[in-house]
Protein chains: 2
Amino acid sequence: MFFSLKFNRMETIGFIGTGNLGYPIAENILKAGYKLKVYNRTASKAKPLEALGAELVDSPQAAASKGGIVMSLVADDRAVEAINTDALLAALGEGGIHVSMSTISPDGARKMAEKCKAAGVHYVAAPVFARPDAAANKVGNAVISGDAGAKERIKPLLSAGFAKNIFDLGEDPGHANVLKLIGNFMIAASIELMSEAFTLAEKNGLEVKTVYEMLTSTLFASPIFRNYGGMILERQFAGNPSFDAALGLKDINLVLQTGRNTLTPLPMADLVHSRLTTVLAQGVKDADWLALATGAMKDAGLKI
Amino acid sequence: MFFSLKFNRMETIGFIGTGNLGYPIAENILKAGYKLKVYNRTASKAKPLEALGAELVDSPQAAASKGGIVMSLVADDRAVEAINTDALLAALGEGGIHVSMSTISPDGARKMAEKCKAAGVHYVAAPVFARPDAAANKVGNAVISGDAGAKERIKPLLSAGFAKNIFDLGEDPGHANVLKLIGNFMIAASIELMSEAFTLAEKNGLEVKTVYEMLTSTLFASPIFRNYGGMILERQFAGNPSFDAALGLKDINLVLQTGRNTLTPLPMADLVHSRLTTVLAQGVKDADWLALATGAMKDAGLKI
């Protein structure tokens with residue numbers, strides 16, 4: 001029994017995409033005892049993982065092994081398409097799994113899953129709810145959908161990589177992405193909401209920190225309001241983004257696109273879309289998506 | 001020492017306004033051992049409190065005693081003005097306190113406080129964060145502002161009546177009301193946000209309950225998202241409102257008015273204002289303000 005566990009742990013996993021979020025996840029998986037073949041478009045970003053035993057490879061398909069698991073975490077639909085190639089699927093082969101952790105469109109996920117299926121490969125959608133520090137500390141949340149057996153097989157990897165909790169959304173590979181988009185929409189809207197609330201407080205002469213403490217210790221005592229509210233107070237809008245404003249805008253675009261495809265009007269999503277567009281249009285350097293909070297402040301004449 | 005404590009507990013308090021929220025607070029204060037003189041415009045609503053020892057009186061000023069405390073909880077600025085009369089202030093006299101628990105405009109509170117001051121009476125703003133059931137269970141939150149000594153004197157009454165926590169916003173009698181309005185604005189916006197999110201989930205074929213469970217057990221694990229989200233799932237929009245849609249609209253009007261007075265654009269408040277206006281315009285019978293959640297659902301063609 002112990003031997004078998006040990007053996008599974010030594011399984012070689014392919015890992016594609018060591019950006020802000022992918023890097024700490026790959027690091028955690030290595031530290032958990034898995035072997036890792038890592039591909040990143042910009043190889044230098046993955047380089048430090050070699051010291052932890054990772055093998056760097058020069059193509060996505062070189063990270064795959066027959067019947068094995070490849071995890072990917074990249075920017076958008078197009079980037080996942082560029083990974084999920086015939087070459088990759090041939091290298092994975094029958095019984096292989098592509099764990100797609102990127103935040104992409106539900107329809108894109110379904111298309112990718114169809115392509116995998118034709119090659120005998122399972123596609124599991126497993127987008128990541130975590131900023132890089134939360135992923136590093138394994139207190140993130142995973143939402144997964146896809147083939148039941150494949151999901152069972154990859155759960156230990158998600159736990160090893162970043163996830164405190166794993167929520168199973170069923171078989172439809174698009175569903176995990178819908179929930180991920182809903183979550184990001186709700187975070188963005190909460191940032192806008194706190195920004196308007198704090199601005200109203202400040203313009204009425206209240207101490208904003210007291211308002212923040214009252215609300216986030218009672219009615220709104222949740223991680224999102226507590227953490228993002230604190231970052232708004234600290235004005236952590238740019239400089240060292242842990243989630244790029246451009247990626248945030250990409251996600252809100254996906255939310256609106258998902259709404260359009262299903263005839264769902266989303267006025268709050270329209271509003272945060274406008275805020276994020278403004279951040280990018282104004283050319284704020286190294287903007288975090290939290291910078292959407294500056295919109296309500298600037299509108300009201302506050303100094304940022 | 002014990003005798004003195006006992007004596008204070010037996011102090012007679014005036015209580016004005018035994019509506020949905022006022023009634024359980026008056027009941028709690030009576031049960032804590034205080035004597036109560038109760039005035040309500042519609043006397044029949046206060047009648048059951050007699051069985052608990054309350055004395056019903058036929059005017060606001062008849063509830064007051066020299067140097068004593070009168071608590072009031074009524075619908076709006078005009079109703080507080082109708083209570084805070086020369087007759088009431090004369091009956092309270094030097095050292096008396098008017099504890100105003102109603103959700104009113106910050107400027108209205110300041111005006112009321114000025115009038116009190118001229119009569120030697122302290123005005124303490126102490127709006128209530130609690131729906132009736134939370135008040136009954138004394139798990140509500142109080143935010144208070146006004147004279148320091150008066151605030152200390154009335155804190156035990158707020159704890160006895162409804163408050164688990166009391167947050168002190170300083171001396172400006174308007175500030176507690178600003179925070180109360182901000183809180184109600186944030187609740188209303190959160191209802192709209194969850195409604196849009198759940199609608200997007202439903203239209204994409206996800207099980208909404210799973211979405212609700214995932215979000216409110218992790219990122220949005222706060223009382224507001226948990227409780228109101230659950231009520232949205234249960235479609236508790238009308239029939240037995242614990243917070244009337246009309247009162248909710250009144251509060252959002254005050255939020256917008258407070259924004260206008262301080263040049264603070266609040267697009268999310270504009271949106272929930274529009275939603276609540278629609279609920280009232282459509283003549284939903286006995287609508288709770290939670291019914292604002294029906295807007296996004298109906299817009300997307302969902303059956304309520």
# chains A, B, ... in the order shown; residues from 1 in each chain; ligands from 1
call {"tool": "interface_residues", "arguments": {"of": "chain B", "to": "chain A", "cutoff": "6 Å", "atoms": "only C-alpha atoms", "output": "list of chain:residue names"}}
result
B:Ile182, B:Ala197, B:Leu219, B:Phe220, B:Ala221, B:Ser222, B:Pro223, B:Ile224, B:Thr264, B:Ala300
call {"tool": "residues_around", "arguments": {"residues": "B:Asp133", "least_positions_apart": "4", "cutoff": "9 Å", "atoms": "only C-alpha atoms", "output": "ChimeraX atom specification"}}
result
/B:21,24,137-139,242
call {"tool": "residues_around", "arguments": {"residues": "B:Ala87", "least_positions_apart": "4", "cutoff": "10 Å", "atoms": "only C-alpha atoms", "output": "PDB file with C-alpha atoms, in the first residue's frame"}}
result
ATOM      1  CA  SER B  59     -48.165  61.079  22.915  1.00  0.00           C
ATOM      2  CA  PRO B  60     -44.385  61.044  22.360  1.00  0.00           C
ATOM      3  CA  GLN B  61     -43.835  63.523  25.191  1.00  0.00           C
ATOM      4  CA  ALA B  62     -45.840  61.394  27.616  1.00  0.00           C
ATOM      5  CA  ALA B  64     -40.440  61.122  28.455  1.00  0.00           C
ATOM      6  CA  ILE B  83     -41.440  63.211  17.484  1.00  0.00           C
ATOM      7  CA  ALA B  91     -40.457  66.838  28.922  1.00  0.00           C
ATOM      8  CA  LEU B  92     -36.936  65.387  28.670  1.00  0.00           C
ATOM      9  CA  GLY B  93     -35.297  68.600  29.877  1.00  0.00           C
TER      10      GLY B  93
END
call {"tool": "residues_around", "arguments": {"residues": "B:Phe237", "least_positions_apart": "6", "cutoff": "7 Å", "atoms": "only C-alpha atoms", "output": "ChimeraX atom specification"}}
result
/B:287-288,290-291
call {"tool": "write_last_selection", "arguments": {"atoms": "N, CA, C and O atoms", "output": "CSV table (one decimal), in the first residue's frame"}}
result
chain,number,residue,atom,x,y,z
B,287,ALA,N,-44.1,43.7,-0.9
B,287,ALA,CA,-42.8,43.3,-1.4
B,287,ALA,C,-41.7,43.6,-0.3
B,287,ALA,O,-41.8,44.7,0.3
B,288,ASP,N,-40.8,42.7,-0.1
B,288,ASP,CA,-39.6,42.9,0.6
B,288,ASP,C,-38.6,43.6,-0.3
B,288,ASP,O,-38.7,43.4,-1.5
B,290,LEU,N,-35.8,42.7,-0.8
B,290,LEU,CA,-35.1,41.6,-1.5
B,290,LEU,C,-35.7,41.5,-3.0
B,290,LEU,O,-35.0,40.9,-3.8
B,291,ALA,N,-36.9,41.9,-3.2
B,291,ALA,CA,-37.5,41.8,-4.5
B,291,ALA,C,-36.8,42.6,-5.6
B,291,ALA,O,-37.0,42.4,-6.8
call {"tool": "select_by_dssp", "arguments": {"residues": "stretch 50-280 of chain B", "states": "strand (DSSP E or B)", "output": "ChimeraX atom specification"}}
result
/B:55-56,69-72,97-100,122-125,128-129,140-145,163-168,238,244
call {"tool": "select_by_dssp", "arguments": {"residues": "stretch 44-244 of chain A", "states": "helix (DSSP H, G or I)", "output": "ChimeraX atom specification"}}
result
/A:44-52,61-63,77-83,86-92,106-118,132-136,148-161,175-203,208-217,223-233
call {"tool": "decode", "arguments": {"residues": "stretch 275-287 of chain A", "atoms": "all heavy atoms", "output": "mmCIF file, in the first residue's frame"}}
result
data_model
loop_
_atom_site.group_PDB
_atom_site.id
_atom_site.type_symbol
_atom_site.label_atom_id
_atom_site.label_comp_id
_atom_site.auth_asym_id
_atom_site.auth_seq_id
_atom_site.Cartn_x
_atom_site.Cartn_y
_atom_site.Cartn_z
ATOM 1 N N ARG A 275 -15.064 50.429 -15.977
ATOM 2 C CA ARG A 275 -14.009 50.865 -15.045
ATOM 3 C C ARG A 275 -12.645 50.308 -15.457
ATOM 4 O O ARG A 275 -11.633 51.008 -15.447
ATOM 5 C CB ARG A 275 -14.319 50.383 -13.629
ATOM 6 C CG ARG A 275 -15.535 51.007 -12.960
ATOM 7 C CD ARG A 275 -15.338 52.481 -12.711
ATOM 8 N NE ARG A 275 -16.303 52.974 -11.736
ATOM 9 C CZ ARG A 275 -16.667 54.253 -11.659
ATOM 10 N NH1 ARG A 275 -16.167 55.154 -12.483
ATOM 11 N NH2 ARG A 275 -17.529 54.642 -10.745
ATOM 12 N N LEU A 276 -12.599 49.012 -15.788
ATOM 13 C CA LEU A 276 -11.317 48.385 -16.133
ATOM 14 C C LEU A 276 -10.797 48.922 -17.464
ATOM 15 O O LEU A 276 -9.590 49.100 -17.641
ATOM 16 C CB LEU A 276 -11.466 46.857 -16.179
ATOM 17 C CG LEU A 276 -11.322 46.174 -14.821
ATOM 18 C CD1 LEU A 276 -11.779 44.726 -14.901
ATOM 19 C CD2 LEU A 276 -9.868 46.241 -14.337
ATOM 20 N N THR A 277 -11.728 49.173 -18.394
ATOM 21 C CA THR A 277 -11.320 49.753 -19.677
ATOM 22 C C THR A 277 -10.648 51.103 -19.439
ATOM 23 O O THR A 277 -9.620 51.426 -20.040
ATOM 24 C CB THR A 277 -12.544 49.912 -20.591
ATOM 25 O OG1 THR A 277 -13.166 48.634 -20.757
ATOM 26 C CG2 THR A 277 -12.142 50.458 -21.957
ATOM 27 N N THR A 278 -11.221 51.887 -18.536
ATOM 28 C CA THR A 278 -10.660 53.204 -18.213
ATOM 29 C C THR A 278 -9.245 53.091 -17.657
ATOM 30 O O THR A 278 -8.359 53.861 -18.026
ATOM 31 C CB THR A 278 -11.580 53.926 -17.203
ATOM 32 O OG1 THR A 278 -12.865 54.092 -17.801
ATOM 33 C CG2 THR A 278 -11.024 55.276 -16.797
ATOM 34 N N VAL A 279 -9.043 52.121 -16.760
ATOM 35 C CA VAL A 279 -7.706 51.926 -16.181
ATOM 36 C C VAL A 279 -6.684 51.700 -17.292
ATOM 37 O O VAL A 279 -5.604 52.307 -17.316
ATOM 38 C CB VAL A 279 -7.693 50.726 -15.207
ATOM 39 C CG1 VAL A 279 -6.263 50.360 -14.820
ATOM 40 C CG2 VAL A 279 -8.520 51.035 -13.966
ATOM 41 N N LEU A 280 -7.032 50.833 -18.252
ATOM 42 C CA LEU A 280 -6.099 50.526 -19.332
ATOM 43 C C LEU A 280 -5.968 51.704 -20.292
ATOM 44 O O LEU A 280 -4.871 52.016 -20.758
ATOM 45 C CB LEU A 280 -6.544 49.259 -20.062
ATOM 46 C CG LEU A 280 -6.407 47.998 -19.195
ATOM 47 C CD1 LEU A 280 -7.144 46.832 -19.807
ATOM 48 C CD2 LEU A 280 -4.936 47.645 -18.972
ATOM 49 N N ALA A 281 -7.090 52.377 -20.556
ATOM 50 C CA ALA A 281 -7.049 53.519 -21.476
ATOM 51 C C ALA A 281 -6.170 54.639 -20.938
ATOM 52 O O ALA A 281 -5.515 55.352 -21.699
ATOM 53 C CB ALA A 281 -8.468 54.036 -21.723
ATOM 54 N N GLN A 282 -6.151 54.769 -19.614
ATOM 55 C CA GLN A 282 -5.350 55.842 -19.017
ATOM 56 C C GLN A 282 -3.883 55.456 -18.900
ATOM 57 O O GLN A 282 -3.064 56.262 -18.449
ATOM 58 C CB GLN A 282 -5.927 56.218 -17.648
ATOM 59 C CG GLN A 282 -7.306 56.893 -17.774
ATOM 60 C CD GLN A 282 -7.921 57.254 -16.428
ATOM 61 O OE1 GLN A 282 -7.525 56.732 -15.400
ATOM 62 N NE2 GLN A 282 -8.890 58.158 -16.459
ATOM 63 N N GLY A 283 -3.570 54.233 -19.285
ATOM 64 C CA GLY A 283 -2.168 53.825 -19.352
ATOM 65 C C GLY A 283 -1.461 53.738 -18.012
ATOM 66 O O GLY A 283 -0.261 53.989 -17.922
ATOM 67 N N VAL A 284 -2.207 53.398 -16.950
ATOM 68 C CA VAL A 284 -1.560 53.208 -15.645
ATOM 69 C C VAL A 284 -0.521 52.090 -15.774
ATOM 70 O O VAL A 284 -0.830 51.002 -16.250
ATOM 71 C CB VAL A 284 -2.602 52.825 -14.564
ATOM 72 C CG1 VAL A 284 -1.934 52.604 -13.211
ATOM 73 C CG2 VAL A 284 -3.695 53.886 -14.462
ATOM 74 N N LYS A 285 0.683 52.368 -15.359
ATOM 75 C CA LYS A 285 1.776 51.415 -15.521
ATOM 76 C C LYS A 285 1.654 50.297 -14.484
ATOM 77 O O LYS A 285 1.395 50.561 -13.312
ATOM 78 C CB LYS A 285 3.110 52.158 -15.332
ATOM 79 C CG LYS A 285 4.319 51.465 -15.957
ATOM 80 C CD LYS A 285 5.535 52.374 -15.841
ATOM 81 C CE LYS A 285 6.873 51.713 -16.041
ATOM 82 N NZ LYS A 285 7.019 50.293 -16.055
ATOM 83 N N ASP A 286 1.828 49.051 -14.913
ATOM 84 C CA ASP A 286 1.772 47.898 -14.007
ATOM 85 C C ASP A 286 0.528 47.921 -13.117
ATOM 86 O O ASP A 286 0.612 47.734 -11.898
ATOM 87 C CB ASP A 286 3.027 47.845 -13.120
ATOM 88 C CG ASP A 286 4.282 47.566 -13.928
ATOM 89 O OD1 ASP A 286 4.182 46.837 -14.935
ATOM 90 O OD2 ASP A 286 5.349 48.077 -13.554
ATOM 91 N N ALA A 287 -0.628 48.152 -13.724
ATOM 92 C CA ALA A 287 -1.865 48.236 -12.946
ATOM 93 C C ALA A 287 -2.356 46.860 -12.530
ATOM 94 O O ALA A 287 -2.393 45.936 -13.333
ATOM 95 C CB ALA A 287 -2.947 48.942 -13.758
#
